[in-house]
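Asker: My questions will all concern the structure given below.
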Number of protein chains: 2
Amino acid sequence: MLLPIYPPDPTPNLVDAAVEAGYQPVPVAGVDDVIERAPESGWAPALVEARPDLGTAVAIAQKIADEAQLPVLLVIDRSMTDDIAAEGGITDFILTPLDRTELRVRLARLGKAPNGTSATEVLSFRDLELNLATYQATVAGVPSDLTYMEYELLRFFVENPARVWSREQLLAKVWGYDYFGGSRTVDVHVRRLRAKLGEERSSWITTVRSVGYRFG
Amino acid sequence: MLLPIYPPDPTPNLVDAAVEAGYQPVPVAGVDDVIERAPESGWAPALVEARPDLGTAVAIAQKIADEAQLPVLLVIDRSMTDDIAAEGGITDFILTPLDRTELRVRLARLGKAPNGTSATEVLSFRDLELNLATYQATVAGVPSDLTYMEYELLRFFVENPARVWSREQLLAKVWGYDYFGGSRTVDVHVRRLRAKLGEERSSWITTVRSVGYRFG
DNA sequence: CGGAATGTGAACACTTTGTTTCAGGGGGAG
DNA sequence: CTCCCCCTGAAACAAAGTGTTCACATTCCG
């Protein structure tokens, strides 16, 4: 996961620690960089070091929090602790000398949504991701605009892969137990789903002749 | 300011540090104590030490956060850092050996400083600001005259962005759990809100067909 | 080769949402 | 206390968006 880090020449030890924590640090020169170079999948929280001085760093941190709408972890020297007491816009801070485990945990905590919704609300399969909270699907990082039924069908498949489902079962499970309609409806939705998944991935849904469909 | 501290026999050094930070620590035996002995002026954030073991402390901390609705600062040993990564309900944590300045700053940041102001008086999103104290909203610095319901709806969205909310959820959370009315009411208010936010910002509220609305 | 099953494209009908309008009611001014 | 304004919620209508169905082409397997 890409993690913006300021200043552009961050302390090597901090970069190492971020890499060790599973992030890919990207040095940025300011908030404009953060906004312009935002990856499709979004940034991890931002890391801001209190260099060259605390005032500059705090200003940058506040801008990143406000304009780029990112949580910011400020890395400060122990002697500066007092000075950030009154500052807003800093989501969290960590003191040097750096404790690498603490850095990892604090970054992970910032990565969660404000009100505690965790990242586990994302279903994934290969390079496909289904965000259950936002009802958004991405294929290889690119947002795919699925309709409601396409989304529901795909979700069922991702949740129940590697087994054949008959059209009747799919109608019952995805459309609802009380649904009564032609089983060709499933065919059409499978076709549209395959089309939106793209050439490569369309084979994820296998047709089992005379039986039904299988995903994965 | 009174500060609940767990366990009932806290480490003397921690108590000292809390006193030095301007609080009056009150040892509590559990969440019931916190609720029953709540002072008129309200508690400061709660301090929970990871004693006798981390599991117990985390359970207590989560209960205090959930039932007593208090921010919780967890005091843990450096070796336990890893174990709290996945735990929810912990507002913040601090490592031992204790840095007294860090303790004071973290407690203050949790929202209820001894002589400071509450941390969340102004909500913001991009160039939108909601002043919770005055019930005024400004868009790009320009005051926007939102009605009560529009304000409440927008506030809910700003506080809970990036997630789809069904009309029923919005009715329950914004209008009140006991409200019973047509779900089209939500539509109309969303439309009015979009109109007042202006052309550009109206897309902040996304319609997710057959599901609900998403902000941000 | 022949029949059955499935893929494909497009038309149709229905659901969902956007928009406008209107009546009731609460609160403030006089 | 009364009047008036305007917020609120609901209903009616308009406009998309979406799901379903049908007709036909294609593939698969005996």
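In the structure tokens, the first chain shown is A, the next is B, and so on; residue numbers restart at 1 for each chain, and ligands run from 1 in the order shown.
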Chain B residues within 9 Å of chain C, counting only C-alpha atoms (C1' of nucleotides): which ones, as a PyMOL selection string?
Answerer: chain B and resi 187-188+191+207+209-210
Asker: Could you turn the residues from that selection into a file that holds C-alpha atoms, as a short mmCIF file (atom, residue, chain, number, x, y, z; two decimals), in the first residue's frame?
Answerer:
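Generated output (result-v5.cif):
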```
data_model
loop_
_atom_site.label_atom_id
_atom_site.label_comp_id
_atom_site.auth_asym_id
_atom_site.auth_seq_id
_atom_site.Cartn_x
_atom_site.Cartn_y
_atom_site.Cartn_z
CA ASP B 187 -34.76 11.49 -1.12
CA VAL B 188 -36.26 14.93 -0.89
CA ARG B 191 -32.04 16.67 -3.05
CA THR B 207 -26.87 7.54 -5.14
CA ARG B 209 -29.35 2.42 -6.78
CA SER B 210 -31.50 -0.01 -4.85
#
```
Asker: Among range 46-165 of chain A, which ones does DSSP assign to alpha helix (DSSP H) (computed from the backbone)? Answer as a PyMOL selection string.
Answerer: chain A and resi 54-67+100-111+148-159
Asker: Keeping only C-alpha atoms, write the selected residues to a file as a short mmCIF file (atom, residue, chain, number, x, y, z; two decimals), in the first residue's frame.
Answerer:
```cif
data_model
loop_
_atom_site.label_atom_id
_atom_site.label_comp_id
_atom_site.auth_asym_id
_atom_site.auth_seq_id
_atom_site.Cartn_x
_atom_site.Cartn_y
_atom_site.Cartn_z
CA LEU A 54 7.99 21.39 13.82
CA GLY A 55 6.06 24.39 12.56
CA THR A 56 6.54 23.53 8.91
CA ALA A 57 5.69 19.90 9.51
CA VAL A 58 2.51 20.73 11.41
CA ALA A 59 1.37 23.07 8.68
CA ILE A 60 1.95 20.40 6.05
CA ALA A 61 0.22 17.80 8.19
CA GLN A 62 -2.83 19.97 8.63
CA LYS A 63 -3.03 20.65 4.94
CA ILE A 64 -2.79 16.98 4.10
CA ALA A 65 -5.48 16.14 6.62
CA ASP A 66 -7.76 18.89 5.42
CA GLU A 67 -7.30 18.99 1.69
CA ARG A 100 8.90 -0.10 14.79
CA THR A 101 6.07 -2.14 16.21
CA GLU A 102 4.41 0.97 17.53
CA LEU A 103 4.74 2.61 14.13
CA ARG A 104 3.11 -0.34 12.45
CA VAL A 105 0.24 -0.50 14.92
CA ARG A 106 -0.43 3.23 14.83
CA LEU A 107 -0.44 3.24 11.04
CA ALA A 108 -2.80 0.29 10.99
CA ARG A 109 -5.14 2.01 13.42
CA LEU A 110 -5.22 5.11 11.23
CA GLY A 111 -6.07 3.00 8.24
CA TYR A 148 -27.25 -3.84 -8.25
CA MET A 149 -28.04 -7.33 -9.51
CA GLU A 150 -24.63 -7.79 -11.07
CA TYR A 151 -23.05 -6.82 -7.80
CA GLU A 152 -25.22 -9.18 -5.80
CA LEU A 153 -24.57 -12.07 -8.14
CA LEU A 154 -20.84 -11.48 -8.14
CA ARG A 155 -20.83 -11.21 -4.37
CA PHE A 156 -22.57 -14.54 -4.07
CA PHE A 157 -20.02 -16.12 -6.36
CA VAL A 158 -17.06 -14.67 -4.47
CA GLU A 159 -18.55 -15.80 -1.19
#
```
Asker: If chain A is superposed onto chain B by least squares using every Cα atom in order, what is the RMSD, in Å to one decimal?
Answerer: 14.3 Å
Asker: Please extract the residues of chain A with a backbone DSSP assignment of strand (DSSP E or B) and present them as a ChimeraX atom specification.
Answerer: /A:2-6,24-27,46-49,72-77,92-96,122-125,128-131,136-139,142-144,164-166,205-208,212-215
Asker: For a test of reading the model, state the distance in Å between CA of Tyr213 in chain B and CA of Ser166 in chain B, rounded to one decimal.
Answerer: 6.5 Å
Asker: Using only C-alpha atoms (C1' of nucleotides) and a distance of at most 10 Å, pull out the residues of chain D that contact chain A, as a PyMOL selection string.
Answerer: chain D and resi 17-21+28
Asker: Suppose we keep C-alpha atoms (C1' of nucleotides); can you now write the selection as a short mmCIF file (atom, residue, chain, number, x, y, z; two decimals), in the first residue's frame?
Answerer:
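The resulting out.cif:
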```
data_model
loop_
_atom_site.label_atom_id
_atom_site.label_comp_id
_atom_site.auth_asym_id
_atom_site.auth_seq_id
_atom_site.Cartn_x
_atom_site.Cartn_y
_atom_site.Cartn_z
"C1'" DG D 17 -31.95 3.10 -14.87
"C1'" DT D 18 -32.47 -1.71 -14.56
"C1'" DG D 19 -34.23 -6.43 -14.91
"C1'" DT D 20 -36.72 -9.61 -17.57
"C1'" DT D 21 -38.14 -11.69 -21.58
"C1'" DC D 28 -21.84 -28.91 -27.39
#
```
Asker: Have a look at CA of Trp165 in chain B and CA of Gln136 in chain B and let me know their distance in Å, one decimal.
Answerer: 24.1 Å
Asker: Could you check which of B:Asp82, B:Asp33, B:Glu168, B:Glu20 is closest to chain A, using only C-alpha atoms?
Answerer: B:Asp82
Asker: Just the residues within 8 Å of Trp204 in chain B, please, counting only C-alpha atoms (C1' of nucleotides), with nothing from its chain fewer than 6 positions along; format it as a PyMOL selection string.
Answerer: chain B and resi 214-216
Asker: Report the closest atom pair, with its distance in Å rounded to one decimal, for each residue of chain B that has an atom no farther than 6 Å from chain A; count only C-alpha atoms, sort by chain and then rising residue number, and write it as a Markdown table.
Answerer:
```
| residue | atom | partner | partner_atom | distance |
| --- | --- | --- | --- | --- |
| B:Ala85 | CA | A:Val105 | CA | 5.4 |
| B:Val105 | CA | A:Ala85 | CA | 5.4 |
| B:Arg126 | CA | A:Glu67 | CA | 5.7 |
| B:Arg163 | CA | A:Thr134 | CA | 4.5 |
| B:Val164 | CA | A:Thr134 | CA | 5.0 |
```
Asker: Keeping only N, CA and C atoms, take the residues you just selected and write them out as a CSV table (one decimal), in the first residue's frame.
Answerer:
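And here's selection.csv as it stands now:
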```csv
chain,number,residue,atom,x,y,z
B,85,ALA,N,-3.1,-4.6,18.0
B,85,ALA,CA,-3.3,-4.1,16.6
B,85,ALA,C,-4.8,-4.4,16.1
B,105,VAL,N,-0.2,14.9,26.8
B,105,VAL,CA,-0.7,15.3,25.5
B,105,VAL,C,-1.7,14.3,25.0
B,126,ARG,N,-13.4,18.5,3.0
B,126,ARG,CA,-13.0,19.4,1.9
B,126,ARG,C,-13.1,20.9,2.4
B,163,ARG,N,-19.4,5.3,2.9
B,163,ARG,CA,-20.2,4.1,3.2
B,163,ARG,C,-21.6,4.3,2.8
B,164,VAL,N,-22.2,3.2,2.3
B,164,VAL,CA,-23.6,3.3,1.8
B,164,VAL,C,-24.5,3.2,3.0
```
Asker: CA of Leu74 in chain A to CA of Gln24 in chain A: how many Å, to one decimal?
Answerer: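 The value is 17.3 Å.
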